[in-house]
Amino acid sequence: MAPPKTVVPADALAAFVTDLFRAAGTTPEHARTISDVLTWASLRGVDSHGMSRVPRYLELLASGEANAEADITVESTVPGVAVVDADRAPGPVALSIAADEAAERARANGVGTVAVRRTVHTGAIGYYTSRIAEQGLIGLGFVAGMPNMAYTGVKGAAVATSPLAISVPARGRPPVLLDMATATIALGKIAQYRNSGTELPEGAAATADGVPTTDPNLAKMPLPLGGAKGAGMSLLFELITSVLVQAPILSSFHGDDPDGRVHRQNALVIAFDPAAFGDADAYAEDVALALDTLKGLPRADEGTEIRYPGENSAAVAVDRSGNGVPVAAKVWKQITAAAEKLDVQVPQV
């Protein structure tokens, strides 16, 4: 049985994580941004992209893989498009800038498209599209990273577990949020199974040689979602993010580039303004109608509520905001050890 989790008040946890990243050398603003993204994930029950990432982010900053003093630039040659060069800034910082930039350009032009080049681990991509949806816009996000997932017919890791997120504002309801990887299971979740000593689901992960396994201690990479479908999506995300901004990862990683295996990620964030396509109010009403219709359909199981993407995690966030955020024992031990090293006060739990 896994050790009991430590429950931390949400506000105290967010402040604690902010202090950690401030002590690690980031600016106060960037520390808050990183904390916001990681806390958002844990609040919604996406623990694999929440507090469990704090130790790794601190390692990235300490090693210099993530740049605490990044010189982030935004370049644009046409009104609706921009490129953010992150200079190895942590992903939450770079993609928050991209999301706000995309939203601003969408309000001015109907559509705003912002590419992000050379960032380090984006975190939960759904945070950024939700940030756009909170402004009444539709948000899309794509990420490409280091090859760590199988590809049909290839021995070993070939492509990345590249995620996709889509957020649509829903009047009177939490935004619709589809946030998914192209893998059957996230790497962070494999670690969670390993930490808890629980067997992995069939067809979720493989050994380094690509042999499927349910043993989390042998699992080195996830298998693509839907086989060739998930693998193909990952490849396409590489082409519309990394290759688009002349920062290829896949070919560099598998080729003879001496920097090919330096950790990095690229992204594409798109915002649509419904008003540019017609009556924004009518759109909002029709979205609400579609959701009401879905939830009112006959249930296959009367004991199971029909929910749309993002509804369940929004409910978890409400609960955890009021009752505290549970943090796995091993993760809490790692975080408090980092706090001691950085001379940061640990909150009451």
# chains A, B, ... in the order shown; residues from 1 in each chain; ligands from 1

$ select_by_dssp --residues "segment 15-93 of chain A" --states "strand (DSSP E or B)" --output "list in words"
Thr73, Val74, Glu75, Ser76, Thr77, Val78, Val81, Ala82, Val83, Val84, Asp85 and Pro90 of chain A

$ write_last_selection --atoms "N, CA, C and O atoms" --output "CSV table (one decimal), in the first residue's frame"
chain,number,residue,atom,x,y,z
A,73,THR,N,12.3,36.7,-26.7
A,73,THR,CA,11.9,37.7,-27.7
A,73,THR,C,10.7,37.3,-28.4
A,73,THR,O,10.4,36.1,-28.5
A,74,VAL,N,9.9,38.2,-28.9
A,74,VAL,CA,8.7,38.0,-29.7
A,74,VAL,C,8.9,38.7,-31.1
A,74,VAL,O,9.1,39.9,-31.1
A,75,GLU,N,8.9,37.9,-32.1
A,75,GLU,CA,9.1,38.4,-33.5
A,75,GLU,C,7.9,38.2,-34.3
A,75,GLU,O,7.2,37.2,-34.2
A,76,SER,N,7.6,39.2,-35.2
A,76,SER,CA,6.4,39.1,-36.0
A,76,SER,C,6.6,39.8,-37.3
A,76,SER,O,7.2,40.9,-37.3
A,77,THR,N,6.2,39.2,-38.4
A,77,THR,CA,6.2,39.8,-39.7
A,77,THR,C,4.8,40.1,-40.3
A,77,THR,O,4.7,40.8,-41.3
A,78,VAL,N,3.8,39.4,-39.7
A,78,VAL,CA,2.4,39.6,-40.2
A,78,VAL,C,1.5,39.7,-38.9
A,78,VAL,O,1.9,39.2,-37.9
A,81,VAL,N,0.5,36.5,-36.7
A,81,VAL,CA,1.4,35.4,-36.4
A,81,VAL,C,2.6,36.0,-35.7
A,81,VAL,O,3.1,37.1,-36.0
A,82,ALA,N,3.2,35.3,-34.7
A,82,ALA,CA,4.4,35.7,-34.0
A,82,ALA,C,5.2,34.4,-33.6
A,82,ALA,O,4.6,33.3,-33.6
A,83,VAL,N,6.4,34.6,-33.4
A,83,VAL,CA,7.3,33.5,-32.9
A,83,VAL,C,8.0,34.0,-31.6
A,83,VAL,O,8.6,35.1,-31.6
A,84,VAL,N,7.8,33.2,-30.6
A,84,VAL,CA,8.5,33.5,-29.3
A,84,VAL,C,9.8,32.6,-29.3
A,84,VAL,O,9.7,31.4,-29.3
A,85,ASP,N,10.9,33.3,-29.2
A,85,ASP,CA,12.1,32.6,-28.9
A,85,ASP,C,12.4,32.6,-27.4
A,85,ASP,O,12.6,33.6,-26.8
A,90,PRO,N,11.8,28.2,-18.9
A,90,PRO,CA,10.9,27.1,-18.5
A,90,PRO,C,9.6,27.3,-19.3
A,90,PRO,O,9.1,28.4,-19.6

$ closest_residue --among "A:Val262, A:Thr213, A:Arg320, A:Ala41" --to "Arg88 of chain A" --atoms "only C-alpha atoms"
A:Val262

$ residues_around --residues "Gly91 of chain A" --least-positions-apart "4" --cutoff "9 Å" --atoms "only C-alpha atoms" --output "ChimeraX atom specification"
/A:34,66,86,95-96,119-123,265

$ residues_around --residues "Thr33 of chain A" --least-positions-apart "2" --cutoff "9 Å" --atoms "only C-alpha atoms" --output "ChimeraX atom specification"
/A:18,28-31,35-38,92-93,96

$ write_last_selection --atoms "N, CA and C atoms" --output "compact mmCIF listing (two decimals), in the first residue's frame"
# COMPACT_ATOMS: atom_id res chain seq x y z
N THR A 18 6.07 28.97 -5.44
CA THR A 18 6.60 30.25 -5.93
C THR A 18 7.91 30.58 -5.23
N PRO A 28 10.65 37.01 -9.66
CA PRO A 28 9.39 36.80 -8.94
C PRO A 28 8.21 36.53 -9.87
N GLU A 29 8.15 37.25 -11.00
CA GLU A 29 7.05 37.05 -11.96
C GLU A 29 7.10 35.65 -12.56
N HIS A 30 8.27 35.22 -12.98
CA HIS A 30 8.40 33.90 -13.59
C HIS A 30 8.16 32.80 -12.56
N ALA A 31 8.60 33.01 -11.33
CA ALA A 31 8.35 32.03 -10.28
C ALA A 31 6.86 31.84 -10.06
N SER A 35 4.67 28.40 -10.82
CA SER A 35 3.83 27.89 -9.73
C SER A 35 2.37 27.79 -10.16
N ASP A 36 1.88 28.82 -10.86
CA ASP A 36 0.48 28.82 -11.31
C ASP A 36 0.18 27.61 -12.18
N VAL A 37 1.09 27.32 -13.11
CA VAL A 37 0.88 26.23 -14.06
C VAL A 37 0.91 24.87 -13.35
N LEU A 38 1.89 24.67 -12.48
CA LEU A 38 2.01 23.39 -11.79
C LEU A 38 0.89 23.20 -10.76
N PRO A 92 6.38 26.88 -18.74
CA PRO A 92 5.27 27.68 -18.24
C PRO A 92 5.44 29.17 -18.52
N VAL A 93 6.67 29.65 -18.48
CA VAL A 93 6.92 31.07 -18.75
C VAL A 93 6.72 31.37 -20.23
N SER A 96 2.98 30.77 -21.47
CA SER A 96 2.05 31.78 -20.97
C SER A 96 2.16 33.05 -21.80

$ atom_distance --atom1 "atom CA of Pro174 of chain A" --atom2 "atom CA of Glu305 of chain A"
16.0 Å
